[in-house]
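Asker: The structure that follows is given in the form of structure tokens.
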Amino acid sequence: MLSDRRPILLANARIVDPSRDLDFAGDLLIAEGVIREAKRGIHAAGVPEGTEVVDCDGRLVAPGLVDMRAFIGEPGAEYRETLASASQAAAAGGVTTIVCQPDTDPVIDDPAIVDFVLRRARDTAIVHVQPMAALTKGLEGHELAEIGLLKAAGAVAFTDGAKSVVNAQVMRRALAYAGDFDALVVHHTEDPNLIGDGVMNEGEFAARLGLFGIPKAAETVILERDVRLVALSRARYHAASITCEESLAVLRRAKEAGLAVTAAASVNHLALNEIDIGPYRTFFKMAPPLRAEEDRVALVRALGEGLLDVVMSDHNPQDVEVKRLPFAEAAPGAIGLETMFAAGLRLVHNDDMKLITLLKAMSTRPAELLGLQSGTLKPGSPADVIVADIDAPWVLDPDQLKSKCKNTPFDEARLQGRVLRTIVAGRTVFEYVSG
Amino acid sequence: MNIAPKTSFVLSRRHLLGIEGLSAHEINGLLDLADEYVELNRQIEKKRTSLRGRTLINLFFEASTRTQSSFELAGKRLGADVMNMAVGNSSLKKGETLIDTAMTLNAMHPDILVVRHHASGAVELLAQKVDGSVVNAGDGAHEHPTQALLDALTIRRNKGRIERLTVTICGDILHSRVARSNIILLNTLGARVRVVAPSTLLPPGIERFGVEVSRDMREGLKGADIVMMLRLQRERMNGSFVPSTQEYFHYYGLDKKKLGYAKPDALVMHPGPMNRGVEIDSAVADGAQSLIREQVEMGVAVRMAVLEALSRNLPNA
């Protein structure tokens with residue numbers, strides 16, 4: 001089944017294509033790895049011989065998700081996650097393109113490592129894998145990485161992963177240089193000095209738990225600085241994971257000034273808040289941290305308005321050895337490839353936004369920013385497509401997750417919406433089997 | 001003299017992890033029981049047998065002479081077998097030590113584990129892994145419930161009540177589990193609580209704890225019945241949180257003059273160990289208004305009360 005490359009007709013579907021602002025009832029035909037057409041009534045008109053006809057019964061057909069931020073662990077930390085295991089999780093979650101981060105061991109700061117990741121992915125992964133490369137050598141924030149050569153080798157963007165470039169001069173030069181190659185700079189906006197001993201959002205709740213807080217200013221100080229440096233360059237800049245209302249104000253000003261600035265939030269920050277930490281639950285320890293409910297609501301609103309561009313999973317597998325610890329000592333991060341769509345659908349079911357808005361932030365926008373052909377159902381585009389029942393209720397059982405680590409904040413959570421089929425380059429790589 | 005205590009109070013919970021969540025009834029029940037032990041501890045025959053056959057393990061991941069010896073004495077006076085384990089901060093990965101040690105000790109069937117750890121929440125995490133009762137002897141900057149109880153007992157015995165007293169807590173609130181437990185307890189019993197510290201030593205969000213916040217000793221001590229001083233760790237005095245010991249003492253150290261801002265019959269407390277000349281002047285620490293030595297005495301009685309009240313709830317009790 002998994003290698004079948006027969007044409008596929010997804011019939012009687014609700015077709016949502018955020019790239020063209022379309023949401024209609026119709027059929028989608030896939031052949032030879034590309035989308036042939038998406039319109040009303042293909043079924044009636046007949047299809048090529050041997051076509052697998054799938055009656056979608058009104059369920060969603062949409063572009064496969066492009067997850068702009070996933071920490072994988074290959075090479076160097078395969079016990080956490082391999083490209084293969086991540087791709088299995090991704091396929092089950094409707095993610096057809098994983099954008100992996102360069103904080104591997106060795107760091108992806110050498111064209112040969114980009115090449116290695118791409119070849120490993122080709123040989124072992126069932127979805128597309130696009131690596132980001134380091135912005136500075138060794139992610140150390142001192143010397144520029146070989147942005148030109150890394151881009152030529154296939155890196156889709158440049159980032160220091162979960163680290164901020166603290167030195168403003170280095171950041172200015174990185175932006176200026178990246179601009180010459182039209183390379184996208186993706187930046188984690190958290191000042192490590194302001195983080196200090198902080199392990200969660202600063203405020204009453206942290207004070208009650210006796211945990212040291214991370215002020216929102218740790219984020220806005222870096223973001224504001226970066227925006228001013230972007231204005232001195234020709235670079236395209238993307239804030240990797242913003243979390244608070246104040247950052248949205250910075251983002252809005254940057255966009256109004258016409259700067260090439262975009263931003264993402266993780267699905268965790270859109271669906272959860274600091275209160276979820278409860279009695280020191282380390283699966284809710286994230287970097288940047290979960291913020292207050294007001295911030296979550298502000299992010300959701302910004303996503304609905306289109307101010308916030310991208311929603312990503314921030315997939316970060318961590319095993320029990322580093323999670324079953326006192327909160328301050330536990331590693332941050334949560335897995336998310338398999339749950340980002342269902343978690344994001346909470347916003348749709350709560351009437352916070354339209355389905356097409358969520359899908360755009362999870363597919364079309366990231367694909368555009370990264371220069372990928374996917375994220376659309378336009379005829380001639382790569383056939384990276386999902387079929388989903390957005391209403392199906394289920395309870396998350398961590399043992400059923402395909403990721404190697406089970407550190408999900410949605411452990412035992414009630415979710416609504418399930419991916420039924422994931423198609424990558426015209427091939428069905430995942431089919432949900434009930435029971 | 002092996003008479004059962006008059007107070008039959010039972011703490012209907014398995015662990016004492018913090019003051020948070022305790023009702024006024026539970027706090028008063030523990031204080032009443034402790035009152036009886038104060039009298040017992042002043043007699044020549046101090047031994048009780050209510051914990052006979054029980055094993056109490058003192059598990060201290062962070063060194064502490066006075067709290068550990070206080071618990072040890074409390075356990076022994078109630079007839080328990082007491083074992084002290086000083087785990088310290090070895091080069092081992094701290095978390096491994098915590099869970100592994102918990103599992104190891106649990107296999108020895110202790111009835112009560114008294115635990116101190118440098119990380120907030122660590123004692124609660126450990127409590128999830130063991131079968132007996134766990135008493136939090138201080139976790140990070142989170143809680144130190146027996147300290148708050150002994151402070152409350154000291155206040156109650158000297159002032160006759162806690163309700164409507166003005167209690168000012170001064171110093172390093174940010175890093176203090178003693179402050180957190182005291183704020184919660186004093187609020188629960190109806191005291192009026194103030195905190196005084198420089199902004200760098202106040203946790204953001206403190207104003208939402210139901211306390212009045214001040215940065216000035218004169219303002220914060222005005223009309224106070226009780227002045228609680230907190231210890232300032234040496235590594236925080238050298239420019240990281242406050243510029244110097246001298247400057248800190250000048251503005252926040254409790255001397256005779258500053259104590260004069262409080263009520264004439266105000267009483268002074270300190271959880272110890274004191275930094276004389278940093279947060280408190282010797283003349284005040286050893287003066288007539290000081291309750292500091294009495295706090296130590298109350299510590300043993302309160303810990304006996306906690307152990308007794310928890311043990312009444314243990315299986316086969």
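Chain labels A, B, ... are given in the sequence in which chains occur in the structure tokens; within each chain residues are numbered consecutively from 1, and ligands are likewise numbered from 1 in the order shown.
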Residues within 8 Å of A:Val230, please, as a CSV table (one decimal) with N, CA and C atoms, in the first residue's frame. Count only C-alpha atoms; anything in the same chain fewer than 3 positions from it doesn't count.

Answerer:
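Below is the file result.csv, written as the result:
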```
chain,number,residue,atom,x,y,z
A,172,ARG,N,23.9,41.7,13.2
A,172,ARG,CA,23.8,42.6,12.1
A,172,ARG,C,24.5,42.1,10.9
A,175,LEU,N,22.6,39.1,9.3
A,175,LEU,CA,21.4,39.6,8.5
A,175,LEU,C,21.9,40.2,7.2
A,226,ASP,N,16.3,42.9,16.8
A,226,ASP,CA,16.4,42.3,15.5
A,226,ASP,C,15.7,43.1,14.4
A,227,VAL,N,14.5,43.6,14.8
A,227,VAL,CA,13.7,44.4,13.8
A,227,VAL,C,14.5,45.6,13.4
A,233,SER,N,19.3,46.1,6.8
A,233,SER,CA,19.8,45.1,5.9
A,233,SER,C,18.7,44.8,4.8
A,234,ARG,N,19.0,43.9,4.0
A,234,ARG,CA,18.0,43.5,3.0
A,234,ARG,C,17.5,42.1,3.3
A,235,ALA,N,17.7,41.7,4.6
A,235,ALA,CA,17.4,40.3,4.9
A,235,ALA,C,15.9,40.0,5.1
A,236,ARG,N,15.6,38.8,4.9
A,236,ARG,CA,14.2,38.3,5.3
A,236,ARG,C,14.4,37.6,6.7
A,237,TYR,N,13.6,38.1,7.6
A,237,TYR,CA,13.8,37.7,9.0
A,237,TYR,C,12.5,37.0,9.5
A,259,LEU,N,9.0,46.1,6.5
A,259,LEU,CA,10.2,45.2,6.7
A,259,LEU,C,9.8,43.7,6.4
A,260,ALA,N,10.7,43.0,5.9
A,260,ALA,CA,10.5,41.6,5.6
A,260,ALA,C,10.6,40.7,6.8
A,261,VAL,N,9.7,41.0,7.7
A,261,VAL,CA,9.7,40.3,9.0
A,261,VAL,C,8.4,39.5,9.2
```

Asker: Produce a table with one row for each residue of chain A that has an atom at most 8 Å from any atom of chain B, each row naming the nearest atom pair and its distance in Å at one decimal; use only C-alpha atoms; arrange rows by chain and rising residue number; format as JSON lines.

Answerer:
```
{"residue": "A:Glu202", "atom": "CA", "partner": "B:Pro204", "partner_atom": "CA", "distance": 6.7}
{"residue": "A:Gly203", "atom": "CA", "partner": "B:Gly205", "partner_atom": "CA", "distance": 4.6}
{"residue": "A:Glu204", "atom": "CA", "partner": "B:Gly205", "partner_atom": "CA", "distance": 4.0}
{"residue": "A:Phe205", "atom": "CA", "partner": "B:Gly205", "partner_atom": "CA", "distance": 7.7}
{"residue": "A:Ala207", "atom": "CA", "partner": "B:Pro203", "partner_atom": "CA", "distance": 5.9}
{"residue": "A:Arg208", "atom": "CA", "partner": "B:His142", "partner_atom": "CA", "distance": 7.0}
{"residue": "A:Leu209", "atom": "CA", "partner": "B:His142", "partner_atom": "CA", "distance": 5.6}
{"residue": "A:Gly210", "atom": "CA", "partner": "B:His142", "partner_atom": "CA", "distance": 3.9}
{"residue": "A:Leu211", "atom": "CA", "partner": "B:Ser120", "partner_atom": "CA", "distance": 6.5}
{"residue": "A:Pro279", "atom": "CA", "partner": "B:Gly121", "partner_atom": "CA", "distance": 7.6}
{"residue": "A:Tyr280", "atom": "CA", "partner": "B:Gly121", "partner_atom": "CA", "distance": 6.2}
{"residue": "A:Glu321", "atom": "CA", "partner": "B:Glu96", "partner_atom": "CA", "distance": 7.9}
{"residue": "A:Arg324", "atom": "CA", "partner": "B:Gly95", "partner_atom": "CA", "distance": 7.7}
{"residue": "A:Leu325", "atom": "CA", "partner": "B:Gly95", "partner_atom": "CA", "distance": 5.1}
{"residue": "A:Pro326", "atom": "CA", "partner": "B:Ala122", "partner_atom": "CA", "distance": 4.9}
{"residue": "A:Phe327", "atom": "CA", "partner": "B:Gly121", "partner_atom": "CA", "distance": 6.8}
{"residue": "A:Ala328", "atom": "CA", "partner": "B:Ala119", "partner_atom": "CA", "distance": 6.7}
{"residue": "A:Glu329", "atom": "CA", "partner": "B:Gly95", "partner_atom": "CA", "distance": 7.4}
```

Asker: How about saving the chosen residues, N, CA, C and O atoms kept, as an mmCIF file, in the first residue's frame?

Answerer:
```
data_model
loop_
_atom_site.group_PDB
_atom_site.id
_atom_site.type_symbol
_atom_site.label_atom_id
_atom_site.label_comp_id
_atom_site.auth_asym_id
_atom_site.auth_seq_id
_atom_site.Cartn_x
_atom_site.Cartn_y
_atom_site.Cartn_z
ATOM 1 N N GLU A 202 7.479 34.514 33.998
ATOM 2 C CA GLU A 202 7.591 35.300 35.226
ATOM 3 C C GLU A 202 6.219 35.788 35.668
ATOM 4 O O GLU A 202 5.399 36.165 34.840
ATOM 5 N N GLY A 203 5.989 35.773 36.963
ATOM 6 C CA GLY A 203 4.721 36.283 37.472
ATOM 7 C C GLY A 203 4.277 35.537 38.710
ATOM 8 O O GLY A 203 5.035 34.759 39.304
ATOM 9 N N GLU A 204 3.043 35.775 39.073
ATOM 10 C CA GLU A 204 2.504 35.224 40.316
ATOM 11 C C GLU A 204 2.636 33.707 40.373
ATOM 12 O O GLU A 204 2.999 33.135 41.405
ATOM 13 N N PHE A 205 2.321 33.061 39.257
ATOM 14 C CA PHE A 205 2.278 31.611 39.285
ATOM 15 C C PHE A 205 3.672 31.024 39.537
ATOM 16 O O PHE A 205 3.823 30.094 40.344
ATOM 17 N N ALA A 207 6.054 32.588 41.058
ATOM 18 C CA ALA A 207 6.410 32.942 42.436
ATOM 19 C C ALA A 207 5.786 31.954 43.414
ATOM 20 O O ALA A 207 6.407 31.557 44.395
ATOM 21 N N ARG A 208 4.568 31.525 43.146
ATOM 22 C CA ARG A 208 3.908 30.567 44.042
ATOM 23 C C ARG A 208 4.592 29.205 44.024
ATOM 24 O O ARG A 208 4.647 28.516 45.034
ATOM 25 N N LEU A 209 5.087 28.822 42.857
ATOM 26 C CA LEU A 209 5.768 27.532 42.763
ATOM 27 C C LEU A 209 7.211 27.615 43.267
ATOM 28 O O LEU A 209 7.907 26.598 43.333
ATOM 29 N N GLY A 210 7.654 28.824 43.578
ATOM 30 C CA GLY A 210 9.043 28.990 43.988
ATOM 31 C C GLY A 210 9.999 28.760 42.838
ATOM 32 O O GLY A 210 11.135 28.343 43.030
ATOM 33 N N LEU A 211 9.526 29.028 41.621
ATOM 34 C CA LEU A 211 10.378 28.872 40.441
ATOM 35 C C LEU A 211 10.741 30.262 39.933
ATOM 36 O O LEU A 211 9.942 31.196 40.040
ATOM 37 N N PRO A 279 1.120 21.248 39.166
ATOM 38 C CA PRO A 279 2.115 20.875 40.163
ATOM 39 C C PRO A 279 3.427 20.424 39.505
ATOM 40 O O PRO A 279 3.755 19.247 39.521
ATOM 41 N N TYR A 280 4.138 21.340 38.937
ATOM 42 C CA TYR A 280 5.490 21.065 38.404
ATOM 43 C C TYR A 280 5.496 20.019 37.291
ATOM 44 O O TYR A 280 6.371 19.146 37.268
ATOM 45 N N GLU A 321 14.525 10.381 31.235
ATOM 46 C CA GLU A 321 15.712 10.679 32.051
ATOM 47 C C GLU A 321 15.884 12.182 32.280
ATOM 48 O O GLU A 321 16.397 12.594 33.307
ATOM 49 N N ARG A 324 11.846 13.424 34.025
ATOM 50 C CA ARG A 324 11.391 13.021 35.362
ATOM 51 C C ARG A 324 12.346 13.580 36.419
ATOM 52 O O ARG A 324 13.054 12.851 37.112
ATOM 53 N N LEU A 325 12.387 14.878 36.481
ATOM 54 C CA LEU A 325 13.315 15.600 37.343
ATOM 55 C C LEU A 325 12.553 16.755 37.971
ATOM 56 O O LEU A 325 11.482 17.117 37.509
ATOM 57 N N PRO A 326 13.120 17.335 39.029
ATOM 58 C CA PRO A 326 12.530 18.584 39.515
ATOM 59 C C PRO A 326 12.421 19.586 38.359
ATOM 60 O O PRO A 326 13.294 19.619 37.482
ATOM 61 N N PHE A 327 11.361 20.385 38.381
ATOM 62 C CA PHE A 327 11.036 21.236 37.230
ATOM 63 C C PHE A 327 12.224 22.049 36.727
ATOM 64 O O PHE A 327 12.486 22.110 35.521
ATOM 65 N N ALA A 328 12.940 22.680 37.658
ATOM 66 C CA ALA A 328 14.035 23.568 37.251
ATOM 67 C C ALA A 328 15.153 22.802 36.561
ATOM 68 O O ALA A 328 15.892 23.364 35.759
ATOM 69 N N GLU A 329 15.264 21.524 36.855
ATOM 70 C CA GLU A 329 16.361 20.732 36.301
ATOM 71 C C GLU A 329 15.959 19.954 35.057
ATOM 72 O O GLU A 329 16.807 19.383 34.377
#
```

Asker: Mind checking DSSP for stretch 78-267 of chain A and telling me the strand (DSSP E) residues as an NGL selection string?

Answerer: :A and (95-100 or 128-131 or 133-134 or 158-159 or 184-187 or 200-201 or 213-214 or 236-239 or 261-266)

Asker: Pick out the closest residue to A:Arg59 from this set: A:Gly41, A:Gly344, A:Gly46, A:Gly26. Count only C-alpha atoms.

Answerer: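 Among A:Gly41, A:Gly344, A:Gly46, A:Gly26, it is A:Gly26 that comes nearest to A:Arg59.
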
Asker: Just want the 12 Å neighbourhood of stretch 136-153 of chain A, counted on only C-alpha atoms, with same-chain residues fewer than 3 positions away dropped. Output as a ChimeraX atom specification.

Answerer: /A:101-119,130-133,156-188,370-371

Asker: For B:Asp81, please output as a list of chain:residue names all residues within 10 Å (counting only C-alpha atoms; exclusion window: fewer than 5 positions along the same chain).

Answerer: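 In the requested form, the answer reads B:Leu51, B:Arg52, B:Gly53, B:Arg54, B:Thr55, B:Leu56, B:Ile57, B:Glu72, B:Gly75, B:Lys76, B:Pro110, B:Asp111.
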
Asker: Residues of stretch 221-252 of chain B that approach stretch 260-273 of chain B to 10 Å or less, counting only C-alpha atoms: could you list each one with the shortest pair of atoms and its distance in Å to one decimal, rows by chain and increasing residue number, as CSV?

Answerer:
```
residue,atom,partner,partner_atom,distance
B:Leu221,CA,B:Ala262,CA,4.9
B:Lys222,CA,B:Ala262,CA,4.9
B:Gly223,CA,B:Ala262,CA,4.9
B:Ala224,CA,B:Ala262,CA,4.8
B:Asp225,CA,B:Ala266,CA,4.5
B:Ile226,CA,B:Leu267,CA,4.9
B:Val227,CA,B:Val268,CA,4.9
B:Met228,CA,B:Met269,CA,4.7
B:Met229,CA,B:His270,CA,5.0
B:Leu230,CA,B:His270,CA,6.1
B:Arg231,CA,B:Gly272,CA,6.8
B:Leu232,CA,B:Pro273,CA,9.9
```

Asker: Between A:Ala413, A:Ile335, A:Ile390, A:Ala91, which has the minimum distance to A:Leu355 (counting only C-alpha atoms)?

Answerer: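 Between A:Ala413, A:Ile335, A:Ile390, A:Ala91, the residue approaching A:Leu355 most closely is A:Ile390.
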
Asker: Going by DSSP on the backbone, which residues of stretch 107-288 of chain B come out as helix (DSSP H, G or I)? List them as JSON, numbers by chain.

Answerer: {"B": [122, 123, 124, 125, 126, 127, 145, 146, 147, 148, 149, 150, 151, 152, 153, 154, 155, 156, 157, 158, 159, 177, 178, 179, 180, 181, 182, 183, 184, 185, 186, 187, 188, 199, 200, 201, 206, 207, 208, 209, 217, 218, 219, 220, 221, 234, 235, 236, 245, 246, 247, 248, 249, 250, 251, 252, 256, 257, 258, 259, 282, 283, 284, 285]}

Asker: Hey, can you check how far atom CA of B:Glu247 sits from atom CA of B:Asp286?

Answerer: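 Atom-to-atom, atom CA of B:Glu247 and atom CA of B:Asp286 are spaced 22.5 Å apart.
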